[in-house]
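Okay, so here's the structure we're looking at.
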2 protein chains.
Amino acid sequence: MKFELTILGSSGAMPFKDRYMTAHVLNIREQLFLIDCGEGTQMRMSRFRVRRGKINHIFISHLHGDHIFGLPGLLTSFGMNLRTENLYIYSPPGLKQMIDGLFPYEGKGPSFEIIYRELDTTVHQMVFENEDVEVWTIPLSHGIPCNGYLFKEKPKQRKMLKEKIKEYNIPFQDIAGIKEGNDWTDANGNMIPNSELTTAPPPVRSYAFCSDTAYKEDIVPIIEGVDLLYHEATFLEEAIDKAIATNHSTALQAGRIASKANVRQLVIGHYSARYEEINGHLEEARTVFPNTHLGTDGAVFDVERNR
Amino acid sequence: MKFELTILGSSGAMPFKDRYMTAHVLNIREQLFLIDCGEGTQMRMSRFRVRRGKINHIFISHLHGDHIFGLPGLLTSFGMNLRTENLYIYSPPGLKQMIDGLFPYEGKGPSFEIIYRELDTTVHQMVFENEDVEVWTIPLSHGIPCNGYLFKEKPKQRKMLKEKIKEYNIPFQDIAGIKEGNDWTDANGNMIPNSELTTAPPPVRSYAFCSDTAYKEDIVPIIEGVDLLYHEATFLEEAIDKAIATNHSTALQAGRIASKANVRQLVIGHYSARYEEINGHLEEARTVFPNTHLGTDGAVFDVERNR
């Protein structure tokens with residue numbers, strides 16, 4: 001079952017040639033989660049074949065335009081398509097007023113309801129949960145209220161070995177408990193350890209989205225060991241002064257965070273328009289974290305279940 | 001000298017594959033005028049090599065999202081590029097509040113000034129004038145305040161024939177008046193008609209932008225004889241009921257307006273996303289106005305000076 005990230009936009013504050021502004025789509029078991037929504041996100045969805053109708057939850061990191069100016073158009077298109085499902089939008093406070101102000105002539109209102117969830121960006125907390133996934137905030141440092149998001153797959157149940165049901169003649173009503181990890185005791189009082197009756201479920205997978213942010217080591221414990229980390233890398237180290245002045249990170253800093261947090265894979269992005277070529281970012285991050293990859297518009301990162 | 005229209009977006013309310021939302025750029029003698037600004041306009045400018053820094057005047061027809069959601073991003077990019085020239089934006093009332101509400105975290109403010117000019121969309125009036133061009137509003141019918149724009153090149157002066165200066169020994173100080181069309185009288189009282197002394201300037205060119213609108217014959221006298229008419233053609237006649245219900249036009253109606261106004265050339269656009277193929281629009285409009293062309297993203301229409 002899928003756990004797959006698609007980068008819809010990899011540019012910083014301004015578009016640059018084929019780089020659009022930040023938007024990511026995470027597909028967890030065919031549930032699509034949109035993270036940030038820069039201008040042109042809906043066109044990127046068409047181009048990269050993302051089924052936008054499957055998006056019910058949108059997570060916004062902060063209220064700078066390059067992360068939200070695609071929302072009004074996307075919402076319009078949802079309405080034109082006569083969407084009926086509720087849409088949940090998580091963001092720092094203030095987004096609803098911004099969006100509402102853009103639709104002065106909305107007549108009958110949209111065919112669907114938008115539920116805004118305003119977040120306290122200074123705390124690490126769970127903001128969404130269903131049977132497959134939990135989403136937690138990651139406090140970031142960007143000069144204005146801003147948080148990243150940590151997506152953690154929930155573990156599936158252990159897998160019952162069919163031959164053991166037969167062998168021990170285990171009654172149907174005990175199986176649910178065994179799948180949850182319980183040992184089993186037969187009619188004669190013999191305890192059979194769970195490990196003999198089941199196999200472990202596939203390991204859970206995780207994705208951390210960290211953008212926009214200055215270098216912030218506080219996030220390391222939160223993102224420790226994630227399968228996939230996206231960390232912004234607006235600048236190269238040669239422009240570290242600019243990174244500091246604008247609350248952004250360099251590619252080297254992104255690599256450092258990945259290394260300290262011992263993640264499996266790092267994806268970088270949010271490149272400044274001053275860089276036509278971004279291979280320098282890749283090389284720089286790899287000096288400290290070799291398993292780094294370039295986020296580019298349309299790139300797909302598949303987190304394998306059996307790794 | 002140029003009089004050239006570039007279509008940046010040809011779609012209706014929603015994008016469809018390679019069709020982005022409405023935005024036109026008119027280049028008159030290397031002055032660029034932006035007309036409407038749908039989502040993604042700045043990316044379209046990059047793609048179609050429009051030098052956005054040369055835009056000082058933006059004309060907005062109405063405040064539906066598909067005509068304005070590209071503005072916030074474009075303004076942001078102007079600021080990132082440290083633009084210093086004033087930017088003038090003409091639109092129905094309400095645009096400034098919408099835009100201002102989107103920049104809650106703007107710190108020092110942009111490097112340039114935006115001057116909003118709110119228009120009465122119910123009257124035909126001149127809203128801009130410089131030495132090369134006049135821009136007039138065209139009241140449209142779209143359910144909310146909406147007007148199109150008529151761009152009229154100003155005539156250049158008549159061209160003085162150098163050999164006549166010699167022949168009649170015309171003093172330097174009389175030449176300006178002759179270029180303005182005056183006859184000239186020599187020292188002996190002989191009147192030399194202007195037509196003998198000068199040649200006519202090239203004919204003036206004109207472009208009329210009419211979108212969005214229901215079929216509205218009232219506009220015919222205003223756009224009479226223009227070189228290039230853009231008229232929306234959201235639907236085909238088969239969906240005339242939908243056109244009426246949504247205050248839009250069909251391709252046939254666009255052709256009828258072009259025919260009644262005796263324009264030289266018609267460009268259609270604003271196609272509904274229900275039409276994957278738009279050749280039907282072209283054929284339908286051509287049944288009443290043969291010199292019709294499809295507006296498509298990236299299409300360029302050059303109005304020849306010597307036609």
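The chains in the structure tokens are called A, B, ... from first to last as shown; in each chain the residues are counted from 1, and the ligands are counted from 1 in the order shown.
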
Would you pick out the contacts of Phe112 in chain A at 12 Å or less, using only C-alpha atoms, so that residues sharing its chain but fewer than 2 positions from it are not included, and give the list as a PDB file with C-alpha atoms, in the first residue's frame?
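Writing the result to around.pdb gives the following:
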ATOM      1  CA  ASN A  56      -9.986  16.014   2.108  1.00  0.00           C
ATOM      2  CA  LEU A  75     -11.340  25.933  -3.703  1.00  0.00           C
ATOM      3  CA  THR A  76     -13.069  27.529  -6.704  1.00  0.00           C
ATOM      4  CA  SER A  77     -12.445  24.437  -8.781  1.00  0.00           C
ATOM      5  CA  PHE A  78     -13.712  22.164  -6.023  1.00  0.00           C
ATOM      6  CA  GLY A  79     -16.899  24.211  -6.109  1.00  0.00           C
ATOM      7  CA  MET A  80     -17.164  24.099  -9.912  1.00  0.00           C
ATOM      8  CA  ASN A  81     -16.804  20.337  -9.700  1.00  0.00           C
ATOM      9  CA  LEU A  82     -19.717  20.303  -7.223  1.00  0.00           C
ATOM     10  CA  ARG A  83     -17.616  18.717  -4.522  1.00  0.00           C
ATOM     11  CA  THR A  84     -19.747  17.607  -1.585  1.00  0.00           C
ATOM     12  CA  GLU A  85     -17.229  16.190   0.936  1.00  0.00           C
ATOM     13  CA  ASN A  86     -16.119  18.397   3.799  1.00  0.00           C
ATOM     14  CA  LEU A  87     -12.692  19.932   3.334  1.00  0.00           C
ATOM     15  CA  TYR A  88     -10.485  20.398   6.390  1.00  0.00           C
ATOM     16  CA  LYS A 108     -25.283  30.409  -3.179  1.00  0.00           C
ATOM     17  CA  GLY A 109     -22.045  29.391  -1.521  1.00  0.00           C
ATOM     18  CA  PRO A 110     -20.014  26.363  -2.370  1.00  0.00           C
ATOM     19  CA  ILE A 114     -14.687  24.125   4.584  1.00  0.00           C
ATOM     20  CA  ILE A 115     -13.650  23.526   8.171  1.00  0.00           C
TER      21      ILE A 115
END

With only C-alpha atoms counted and 6 Å as the cut-off, give the residues of chain B in contact with chain A, each with its shortest interatomic distance in Å and the pair that gives it, as JSON lines.
{"residue": "B:Met14", "atom": "CA", "partner": "A:Ser77", "partner_atom": "CA", "distance": 5.8}
{"residue": "B:Gly40", "atom": "CA", "partner": "A:Gly40", "partner_atom": "CA", "distance": 5.3}
{"residue": "B:Ser77", "atom": "CA", "partner": "A:Met14", "partner_atom": "CA", "distance": 5.8}
{"residue": "B:Met98", "atom": "CA", "partner": "A:Leu102", "partner_atom": "CA", "distance": 5.6}
{"residue": "B:Gly101", "atom": "CA", "partner": "A:Met98", "partner_atom": "CA", "distance": 5.7}
{"residue": "B:Leu102", "atom": "CA", "partner": "A:Met98", "partner_atom": "CA", "distance": 5.7}

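For the atom pair formed by CA of Ala254 in chain B and CA of Val123 in chain B, the distance is 21.3 Å, given to one decimal.
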
According to DSSP computed on the backbone, where in range 99-155 of chain A is there strand (DSSP E or B)? Give the residues as an mmCIF file with C-alpha atoms, in the first residue's frame.
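This went into selection_6.cif:
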data_model
loop_
_atom_site.group_PDB
_atom_site.id
_atom_site.type_symbol
_atom_site.label_atom_id
_atom_site.label_comp_id
_atom_site.auth_asym_id
_atom_site.auth_seq_id
_atom_site.Cartn_x
_atom_site.Cartn_y
_atom_site.Cartn_z
ATOM 1 C CA ILE A 114 -14.687 24.125 4.584
ATOM 2 C CA ILE A 115 -13.650 23.526 8.171
ATOM 3 C CA TYR A 116 -10.704 25.640 9.225
ATOM 4 C CA ARG A 117 -8.559 24.393 12.101
ATOM 5 C CA GLU A 118 -6.329 27.124 13.495
ATOM 6 C CA MET A 126 -1.301 15.798 17.080
ATOM 7 C CA VAL A 127 -3.772 17.685 14.880
ATOM 8 C CA PHE A 128 -5.268 14.869 12.844
ATOM 9 C CA GLU A 129 -5.826 11.174 13.302
ATOM 10 C CA VAL A 133 -2.356 7.969 9.998
ATOM 11 C CA GLU A 134 -1.526 10.580 12.601
ATOM 12 C CA VAL A 135 -0.419 14.107 11.745
ATOM 13 C CA TRP A 136 1.647 16.102 14.228
ATOM 14 C CA THR A 137 2.855 19.686 14.047
ATOM 15 C CA ILE A 138 6.549 20.569 14.078
ATOM 16 C CA PRO A 139 7.228 24.070 15.438
ATOM 17 C CA ASN A 147 4.911 24.832 11.642
ATOM 18 C CA GLY A 148 5.865 21.778 9.679
ATOM 19 C CA TYR A 149 3.953 18.509 9.732
ATOM 20 C CA LEU A 150 4.915 14.976 10.671
ATOM 21 C CA PHE A 151 2.857 12.203 9.055
ATOM 22 C CA LYS A 152 3.090 8.876 10.861
ATOM 23 C CA GLU A 153 1.459 5.774 9.524
#

Open item on the list: Calculated over only C-alpha atoms, which of the candidates A:Ala285, A:Met160, A:Ile278, A:Val267 has the smallest distance to Thr250 in chain A?
Closed with: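 That would be A:Ala285, the residue with the smallest distance to Thr250 in chain A.
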
- [ ] To one decimal in Å, tell me the separation between CA of Arg264 in chain A and CA of Pro92 in chain A.
- [x]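 Value for the CA of Arg264 in chain A-CA of Pro92 in chain A distance: 28.9 Å.
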
Open item on the list: Between CA of Arg205 in chain A and CA of Asp218 in chain A, what distance in Å does the model show, to one decimal?
Closed with: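 Spanning CA of Arg205 in chain A to CA of Asp218 in chain A is a straight-line distance of 21.8 Å.
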
Task: Contact residues around Asp36 in chain A with only C-alpha atoms at 7 Å, ignoring same-chain residues under 4 positions, as a count of residues only - done: 8

- [ ] Select, from B:Val263, B:Val204, B:Leu34, B:Ile240, the residue with the minimum atom-to-atom distance to Lys154 in chain B, counting only C-alpha atoms.
- [x] B:Val204

- [ ] Using backbone DSSP assignments, extract all alpha helix (DSSP H) residues from range 28-228 of chain A; output them as a PyMOL selection string.
- [x] chain A and resi 41-47+71-80+95-100+162-168+175-179+194-197+220-223

Those residues you just picked out, can you put them in a file as a compact mmCIF listing (two decimals), in the first residue's frame with C-alpha atoms?
# COMPACT_ATOMS: atom_id res chain seq x y z
CA THR A 41 -1.04 24.05 -7.46
CA GLN A 42 -4.23 22.98 -9.23
CA MET A 43 -2.49 23.16 -12.61
CA ARG A 44 0.39 21.11 -11.23
CA MET A 45 -2.14 18.53 -10.07
CA SER A 46 -3.43 18.20 -13.61
CA ARG A 47 0.06 18.03 -15.03
CA LEU A 71 -5.78 27.85 -2.40
CA PRO A 72 -8.43 30.30 -3.72
CA GLY A 73 -8.29 28.76 -7.18
CA LEU A 74 -8.30 25.21 -5.88
CA LEU A 75 -11.34 25.93 -3.70
CA THR A 76 -13.07 27.53 -6.70
CA SER A 77 -12.45 24.44 -8.78
CA PHE A 78 -13.71 22.16 -6.02
CA GLY A 79 -16.90 24.21 -6.11
CA MET A 80 -17.16 24.10 -9.91
CA LEU A 95 -6.34 31.95 6.84
CA LYS A 96 -10.14 31.90 6.87
CA GLN A 97 -10.41 35.69 6.82
CA MET A 98 -7.94 35.88 3.94
CA ILE A 99 -9.86 33.35 1.88
CA ASP A 100 -13.32 34.70 2.72
CA LYS A 162 -3.41 -19.73 9.41
CA GLU A 163 -1.60 -23.01 10.01
CA LYS A 164 -1.42 -22.22 13.74
CA ILE A 165 -5.18 -21.78 13.96
CA LYS A 166 -5.49 -25.32 12.69
CA GLU A 167 -2.61 -26.72 14.74
CA TYR A 168 -3.91 -25.43 18.07
CA ILE A 175 -8.16 -14.31 16.96
CA ALA A 176 -8.78 -10.56 17.28
CA GLY A 177 -6.84 -10.50 20.54
CA ILE A 178 -3.95 -12.49 19.09
CA LYS A 179 -3.72 -10.08 16.16
CA ASN A 194 2.22 -14.53 20.33
CA SER A 195 5.46 -14.63 18.35
CA GLU A 196 4.72 -18.25 17.46
CA LEU A 197 1.20 -17.43 16.25
CA VAL A 220 15.61 16.90 15.68
CA PRO A 221 13.91 14.88 18.45
CA ILE A 222 10.54 15.26 16.72
CA ILE A 223 11.69 14.03 13.32

Task: Test item: residues at most 12 Å from Lys156 in chain B, only C-alpha atoms, excluding those fewer than 5 positions along its chain, as a count of residues only - done: 16

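Minimum atom-to-atom distance to Arg256 in chain B, evaluated using only C-alpha atoms, belongs to B:Lys216 out of B:His293, B:Lys242, B:Lys216, B:Arg274.
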
Open item on the list: Between A:Arg49, A:His142, A:Lys260, A:His270, which residue has the minimum interatomic distance to Thr6 in chain A, considering only C-alpha atoms?
Closed with: A:Arg49

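Neighbours of Asp302 in chain B closer than or equal to 7 Å, with only C-alpha atoms counted and sequence neighbours fewer than 6 positions away skipped, come out as Phe3, Glu4 and Leu5 of chain B.
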